[in-house]
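Structure file final.cif with mmCIF, C-alpha atoms:
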```cif
data_input
#
loop_
_atom_site.label_atom_id
_atom_site.label_comp_id
_atom_site.auth_asym_id
_atom_site.auth_seq_id
_atom_site.Cartn_x
_atom_site.Cartn_y
_atom_site.Cartn_z
CA MET A 1 214.15 40.76 31.31
CA THR A 2 213.22 37.68 33.31
CA ASN A 3 216.10 35.63 34.66
CA PRO A 4 215.82 32.05 33.33
CA ALA A 5 214.40 29.53 35.81
CA LEU A 6 212.50 26.28 36.05
CA ILE A 7 209.38 26.35 38.22
CA TYR A 8 208.26 22.92 39.46
CA THR A 9 206.23 21.26 42.18
CA ASP A 10 207.62 18.46 44.34
CA ARG A 11 205.79 16.86 47.28
CA GLY A 12 203.15 19.55 47.20
CA HIS A 13 205.60 22.46 47.33
CA THR A 14 206.49 24.82 44.47
CA HIS A 15 210.19 25.37 43.85
CA GLU A 16 212.25 27.57 41.58
CA MET A 17 215.61 26.54 40.15
CA PRO A 18 217.52 29.52 38.70
CA LEU A 19 219.32 28.73 35.43
CA THR A 20 222.80 30.18 35.04
CA PRO A 21 225.32 29.24 32.32
CA ASP A 22 227.97 28.29 34.89
CA ARG A 23 225.66 25.52 36.19
CA SER A 24 225.01 24.04 32.75
CA PRO A 25 224.22 21.26 32.01
CA ILE A 26 221.59 20.51 34.66
CA THR A 27 220.54 16.88 35.05
CA ILE A 28 216.96 16.06 36.02
CA GLY A 29 216.03 12.69 37.46
CA ARG A 30 215.14 10.56 40.46
CA ALA A 31 218.74 9.93 41.50
CA THR A 32 219.86 11.74 44.62
CA HIS A 33 222.89 13.15 42.79
CA ALA A 34 220.80 14.70 39.95
CA ASP A 35 221.02 18.50 39.93
CA LEU A 36 217.22 18.63 40.07
CA SER A 37 216.22 15.52 42.00
CA LEU A 38 212.57 14.42 41.99
CA GLN A 39 212.84 11.38 44.24
CA SER A 40 209.13 11.05 45.00
CA ASP A 41 208.08 10.30 41.39
CA PRO A 42 208.59 6.58 40.51
CA ASP A 43 207.84 7.25 36.82
CA ILE A 44 211.01 9.33 36.45
CA SER A 45 214.25 7.61 35.48
CA ARG A 46 217.30 8.00 37.69
CA LEU A 47 218.83 10.32 35.10
CA HIS A 48 215.97 11.40 32.87
CA ALA A 49 216.67 14.63 30.97
CA THR A 50 219.16 17.47 30.72
CA VAL A 51 218.63 21.22 30.58
CA GLU A 52 221.60 22.89 28.92
CA HIS A 53 222.72 26.39 27.96
CA LEU A 54 223.81 26.60 24.31
CA GLY A 55 224.83 29.93 22.83
CA THR A 56 222.23 32.37 24.14
CA TYR A 57 219.49 29.79 24.60
CA TRP A 58 218.39 27.16 27.12
CA THR A 59 217.50 23.76 25.74
CA VAL A 60 216.09 20.49 27.07
CA THR A 61 217.38 17.14 25.89
CA ASP A 62 216.27 13.56 26.44
CA LYS A 63 219.24 11.47 25.40
CA GLY A 64 217.15 8.34 25.00
CA LEU A 65 218.02 6.86 28.40
CA SER A 66 214.72 7.69 30.10
CA ARG A 67 212.24 4.82 30.18
CA ASN A 68 209.06 6.88 29.95
CA GLY A 69 210.26 9.75 27.79
CA THR A 70 210.06 13.53 28.15
CA ILE A 71 207.03 15.52 26.99
CA VAL A 72 207.36 19.20 25.96
CA ASN A 73 204.10 21.09 25.43
CA GLY A 74 202.24 17.82 24.92
CA THR A 75 204.68 16.33 22.38
CA ARG A 76 207.20 13.60 23.13
CA LEU A 77 210.71 14.98 22.88
CA ARG A 78 213.13 13.38 20.44
CA GLY A 79 216.52 15.02 20.59
CA ARG A 80 216.87 18.65 21.68
CA HIS A 81 214.25 21.38 22.10
CA THR A 82 215.01 25.10 22.39
CA LEU A 83 213.02 26.45 25.35
CA HIS A 84 210.58 29.35 25.05
CA PRO A 85 208.96 31.21 27.96
CA GLY A 86 206.01 29.20 29.24
CA ASP A 87 207.18 25.87 27.80
CA VAL A 88 205.95 23.00 29.97
CA ILE A 89 208.22 19.98 30.42
CA ARG A 90 206.57 16.84 31.75
CA ILE A 91 208.59 13.91 33.04
CA GLY A 92 206.65 11.20 34.77
CA ALA A 93 203.85 12.87 36.71
CA SER A 94 205.94 15.99 37.33
CA THR A 95 205.82 19.22 35.34
CA LEU A 96 208.43 21.95 35.03
CA THR A 97 207.72 25.33 33.46
CA TYR A 98 210.46 27.38 31.81
CA HIS A 99 210.58 31.11 32.54
CA GLY A 100 213.18 33.22 30.77
CA GLN A 101 214.19 35.06 27.63
CA PRO A 102 212.39 34.33 24.37
CA ALA A 103 214.21 32.03 21.98
CA THR A 104 214.10 31.77 18.23
CA ASP A 105 211.81 29.07 16.87
CA CYS A 106 214.47 26.50 16.11
CA GLY A 107 212.12 23.55 16.42
CA ILE A 108 213.38 20.11 17.31
CA THR A 109 216.59 18.51 16.13
CA ASN A 110 216.52 14.74 16.08
CA ILE A 111 219.79 13.31 17.34
CA GLY A 112 218.88 10.05 19.05
CA ASP A 113 218.29 8.07 15.87
CA ALA A 114 220.48 9.89 13.37
CA LEU A 115 221.64 6.62 11.84
CA GLY A 116 219.04 4.85 9.72
CA THR A 117 220.44 1.32 10.08
CA PRO A 118 222.61 -0.27 12.77
CA PRO A 119 226.31 0.03 11.91
CA HIS A 120 228.53 -3.02 11.48
CA LEU A 121 230.35 -3.75 14.74
CA THR A 122 232.97 -6.28 15.74
CA PRO A 123 232.08 -8.77 18.51
CA ALA A 124 234.44 -6.91 20.85
CA GLN A 125 232.73 -3.58 20.13
CA ARG A 126 229.31 -5.10 20.81
CA THR A 127 230.57 -6.49 24.11
CA VAL A 128 231.92 -3.09 25.16
CA LEU A 129 228.62 -1.44 24.23
CA THR A 130 226.71 -4.02 26.24
CA GLU A 131 228.83 -3.33 29.32
CA LEU A 132 228.55 0.43 28.79
CA CYS A 133 224.75 0.15 28.88
CA ARG A 134 224.45 -2.59 31.53
CA PRO A 135 223.67 -0.20 34.45
CA PHE A 136 220.66 1.03 32.46
CA TYR A 137 219.18 -2.48 32.50
CA ASP A 138 220.26 -3.21 36.07
CA GLY A 139 218.58 -0.07 37.45
CA SER A 140 221.78 1.55 38.71
CA ASP A 141 221.84 5.17 39.90
CA TYR A 142 224.03 6.01 36.89
CA PRO A 143 222.83 4.73 33.50
CA ILE A 144 226.20 4.08 31.85
CA ALA A 145 229.30 2.28 33.09
CA SER A 146 232.71 3.84 33.61
CA ASN A 147 235.78 2.68 31.70
CA GLN A 148 237.01 0.94 34.85
CA GLN A 149 233.72 -0.93 35.29
CA ILE A 150 233.81 -2.08 31.67
CA ALA A 151 237.44 -3.16 31.98
CA ASP A 152 236.73 -5.09 35.18
CA ALA A 153 233.70 -6.84 33.70
CA LEU A 154 235.56 -7.88 30.54
CA HIS A 155 238.92 -8.57 32.25
CA VAL A 156 240.77 -6.24 29.89
CA SER A 157 242.83 -3.09 30.38
CA ILE A 158 241.33 0.39 30.49
CA GLU A 159 243.41 1.25 27.41
CA THR A 160 241.69 -1.57 25.52
CA VAL A 161 238.30 -0.18 26.54
CA LYS A 162 239.31 3.33 25.46
CA THR A 163 240.49 2.02 22.08
CA HIS A 164 237.16 0.30 21.42
CA LEU A 165 235.17 3.33 22.59
CA GLN A 166 237.15 5.63 20.30
CA ALA A 167 236.39 3.34 17.36
CA LEU A 168 232.72 3.32 18.36
CA PHE A 169 232.61 7.13 18.56
CA ILE A 170 233.82 7.24 14.95
CA THR A 171 231.46 4.47 13.80
CA PHE A 172 228.45 6.24 15.33
CA GLN A 173 229.61 9.62 13.94
CA ILE A 174 229.87 11.31 17.34
CA ASP A 175 233.65 11.73 17.60
CA ASP A 176 233.27 15.51 17.20
CA LEU A 177 231.02 15.89 20.27
CA PRO A 178 232.43 17.30 23.54
CA PRO A 179 234.14 14.52 25.55
CA HIS A 180 231.54 14.51 28.36
CA HIS A 181 228.71 14.05 25.84
CA LYS A 182 230.19 11.23 23.76
CA ARG A 183 229.57 8.35 26.15
CA ALA A 184 225.94 9.24 26.88
CA GLN A 185 225.20 9.78 23.19
CA LEU A 186 226.92 6.49 22.31
CA ALA A 187 224.74 4.66 24.84
CA ALA A 188 221.62 6.41 23.55
CA ARG A 189 222.34 5.43 19.95
CA ALA A 190 223.21 1.87 20.94
CA LEU A 191 219.91 1.56 22.81
CA THR A 192 218.06 3.06 19.84
CA HIS A 193 219.40 0.22 17.67
CA ASN A 194 218.85 -2.42 20.38
CA ILE A 195 222.52 -3.37 20.21
CA PRO A 196 223.24 -4.10 23.91
CA THR A 197 222.38 -7.69 24.88
CA PRO A 198 222.89 -7.93 28.65
#
```
Just give me the structure of the file as structure tokens.
Amino acid sequence: MTNPALIYTDRGHTHEMPLTPDRSPITIGRATHADLSLQSDPDISRLHATVEHLGTYWTVTDKGLSRNGTIVNGTRLRGRHTLHPGDVIRIGASTLTYHGQPATDCGITNIGDALGTPPHLTPAQRTVLTELCRPFYDGSDYPIASNQQIADALHVSIETVKTHLQALFITFQIDDLPPHHKRAQLAARALTHNIPTP
């Protein structure tokens, strides 16, 4: 059985990144701190996509924060895709090929635009969302702001920021996600609805 890996070319050289569950999730992007950093490709966002081990499968996810999208086998990715041997992931001008165990044909699960219409938000919640997403518009190395950055920008306490974020997690129906996924998914859904107004 083939050990899972991503095969990719960067600056004319072919590389292999082994995939092991203890390294999941793996971030792919142009930022130097991305797990798989492709700094030479200007069409790739700083944090572009994520490869993650779920159950017995490897999946690729574009959380909606990449500017040019992620293409899997010629189709633009929306949400999460379960990887099959030979799947080709294209981000910018770069391609990555998945080698590993076969996966069941689960298809694609749309998660980025799960809500049909924008939810009703208070002015304070909209302001917090705007600050959460501001690094995305400013071209920062990290696409979402920390609680401290939001608090500093709005001149409020971190507890106030946490209270608003918790309410937003419930409003956007993502309060049951793992803690480290909530903030990125909140930003992705906010951007989907064009809520931030930096």
Hits of the PyMOL selection byres ((chain A and resi 73) around 9) in this structure, as an MDAnalysis selection string: chainID A and resid 71:72 74:76 87:90
Test item: residues at most 12 Å from stretch 21-32 of chain A, only C-alpha atoms, excluding those fewer than 2 positions along its chain, as JSON, numbers by chain: {"A": [3, 4, 5, 6, 8, 10, 17, 18, 19, 34, 35, 36, 37, 38, 39, 40, 41, 42, 43, 44, 45, 46, 47, 48, 49, 50, 51, 52, 53, 54, 55, 56, 57, 58, 59, 60, 61, 62, 63, 65, 66, 67, 68, 69, 70, 89, 90, 91, 92, 94, 95, 96, 139, 140, 141, 142, 143, 180, 181]}
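Interatomic distance, atom CA of A:Gly86 to atom CA of A:Thr9: 15.2 Å.
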Atomic distance atom CA of A:Gly12 - atom CA of A:His99, expressed in Å with one decimal: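 So the answer is 20.1 Å.
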Let me know the residues the PyMOL selection byres ((chain A and resi 149) around 12) catches in the file above, as a PDB file with C-alpha atoms, keeping the file's coordinate frame.
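And here is the file that came out, part_15.pdb:
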```pdb
ATOM      1  CA  VAL A 128     231.920  -3.090  25.160  1.00  0.00           C
ATOM      2  CA  THR A 130     226.710  -4.020  26.240  1.00  0.00           C
ATOM      3  CA  GLU A 131     228.830  -3.330  29.320  1.00  0.00           C
ATOM      4  CA  LEU A 132     228.550   0.430  28.790  1.00  0.00           C
ATOM      5  CA  CYS A 133     224.750   0.150  28.880  1.00  0.00           C
ATOM      6  CA  ARG A 134     224.450  -2.590  31.530  1.00  0.00           C
ATOM      7  CA  PRO A 135     223.670  -0.200  34.450  1.00  0.00           C
ATOM      8  CA  ILE A 144     226.200   4.080  31.850  1.00  0.00           C
ATOM      9  CA  ALA A 145     229.300   2.280  33.090  1.00  0.00           C
ATOM     10  CA  SER A 146     232.710   3.840  33.610  1.00  0.00           C
ATOM     11  CA  ASN A 147     235.780   2.680  31.700  1.00  0.00           C
ATOM     12  CA  GLN A 148     237.010   0.940  34.850  1.00  0.00           C
ATOM     13  CA  ILE A 150     233.810  -2.080  31.670  1.00  0.00           C
ATOM     14  CA  ALA A 151     237.440  -3.160  31.980  1.00  0.00           C
ATOM     15  CA  ASP A 152     236.730  -5.090  35.180  1.00  0.00           C
ATOM     16  CA  ALA A 153     233.700  -6.840  33.700  1.00  0.00           C
ATOM     17  CA  LEU A 154     235.560  -7.880  30.540  1.00  0.00           C
ATOM     18  CA  HIS A 155     238.920  -8.570  32.250  1.00  0.00           C
ATOM     19  CA  VAL A 156     240.770  -6.240  29.890  1.00  0.00           C
ATOM     20  CA  SER A 157     242.830  -3.090  30.380  1.00  0.00           C
ATOM     21  CA  ILE A 158     241.330   0.390  30.490  1.00  0.00           C
ATOM     22  CA  VAL A 161     238.300  -0.180  26.540  1.00  0.00           C
TER      23      VAL A 161
END
```
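Coordinates place atom CA of A:Phe172 at a distance of 12.3 Å from atom CA of A:Ile195.
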Exercise: A:Pro119 partners within 12 Å, all atoms listed in the file, chain neighbours under 3 positions left out, as a ChimeraX atom specification: /A:114-116,122,125-126,167-173,189-190,192-195
Show me that you can extract stretch 22-102 of chain A, keeping C-alpha atoms, and write it as a compact mmCIF listing (two decimals), in the first residue's frame.
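File produced: decode_17.txt:
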```
# COMPACT_ATOMS: atom_id res chain seq x y z
CA ASP A 22 0.12 13.62 13.18
CA ARG A 23 0.98 16.48 10.78
CA SER A 24 -2.64 17.19 9.86
CA PRO A 25 -3.88 19.71 8.86
CA ILE A 26 -1.27 20.86 6.33
CA THR A 27 -1.55 24.44 5.08
CA ILE A 28 -0.55 25.25 1.51
CA GLY A 29 0.24 28.80 0.45
CA ARG A 30 2.80 31.44 -0.42
CA ALA A 31 3.47 32.45 3.18
CA THR A 32 6.81 31.38 4.57
CA HIS A 33 5.11 29.78 7.58
CA ALA A 34 2.78 27.58 5.45
CA ASP A 35 3.51 23.87 5.91
CA LEU A 36 3.91 23.58 2.13
CA SER A 37 5.24 26.97 1.05
CA LEU A 38 5.24 27.86 -2.66
CA GLN A 39 6.80 31.30 -2.47
CA SER A 40 7.71 31.59 -6.15
CA ASP A 41 4.11 31.54 -7.42
CA PRO A 42 2.46 35.01 -7.19
CA ASP A 43 -0.97 33.57 -8.09
CA ILE A 44 -1.10 31.62 -4.82
CA SER A 45 -2.60 33.27 -1.75
CA ARG A 46 -0.56 33.49 1.43
CA LEU A 47 -2.72 30.78 2.97
CA HIS A 48 -4.50 29.11 0.07
CA ALA A 49 -5.75 25.61 0.87
CA THR A 50 -5.58 22.90 3.52
CA VAL A 51 -4.93 19.18 3.22
CA GLU A 52 -6.40 17.36 6.19
CA HIS A 53 -6.71 13.79 7.48
CA LEU A 54 -10.30 12.90 8.39
CA GLY A 55 -11.14 9.40 9.54
CA THR A 56 -9.21 7.14 7.17
CA TYR A 57 -9.10 9.63 4.29
CA TRP A 58 -7.10 12.66 3.17
CA THR A 59 -9.08 15.65 2.00
CA VAL A 60 -8.34 19.05 0.46
CA THR A 61 -10.25 22.15 1.48
CA ASP A 62 -10.37 25.70 0.17
CA LYS A 63 -12.00 27.69 2.95
CA GLY A 64 -12.89 30.56 0.65
CA LEU A 65 -9.91 32.74 1.60
CA SER A 66 -7.88 32.12 -1.55
CA ARG A 67 -8.22 34.81 -4.19
CA ASN A 68 -7.82 32.59 -7.25
CA GLY A 69 -9.44 29.40 -5.98
CA THR A 70 -8.31 25.77 -5.94
CA ILE A 71 -8.86 23.43 -8.89
CA VAL A 72 -9.14 19.64 -8.38
CA ASN A 73 -9.07 17.53 -11.54
CA GLY A 74 -10.12 20.52 -13.63
CA THR A 75 -13.05 21.58 -11.41
CA ARG A 76 -13.03 24.53 -9.04
CA LEU A 77 -13.21 23.31 -5.46
CA ARG A 78 -16.08 24.49 -3.28
CA GLY A 79 -15.81 23.09 0.22
CA ARG A 80 -14.04 19.78 0.84
CA HIS A 81 -12.91 17.07 -1.57
CA THR A 82 -11.92 13.53 -0.58
CA LEU A 83 -8.63 12.72 -2.32
CA HIS A 84 -8.19 9.70 -4.59
CA PRO A 85 -4.87 8.39 -5.94
CA GLY A 86 -3.84 10.47 -8.94
CA ASP A 87 -5.99 13.49 -8.05
CA VAL A 88 -4.36 16.67 -9.34
CA ILE A 89 -4.68 19.83 -7.24
CA ARG A 90 -3.91 23.10 -9.02
CA ILE A 91 -3.36 26.32 -7.12
CA GLY A 92 -2.09 29.23 -9.14
CA ALA A 93 0.32 27.85 -11.72
CA SER A 94 1.42 25.04 -9.41
CA THR A 95 0.13 21.46 -9.43
CA LEU A 96 0.21 18.87 -6.68
CA THR A 97 -0.60 15.20 -7.25
CA TYR A 98 -1.97 12.99 -4.48
CA HIS A 99 -0.52 9.51 -4.09
CA GLY A 100 -1.98 7.22 -1.47
CA GLN A 101 -4.75 4.83 -0.50
CA PRO A 102 -7.96 4.78 -2.51
```
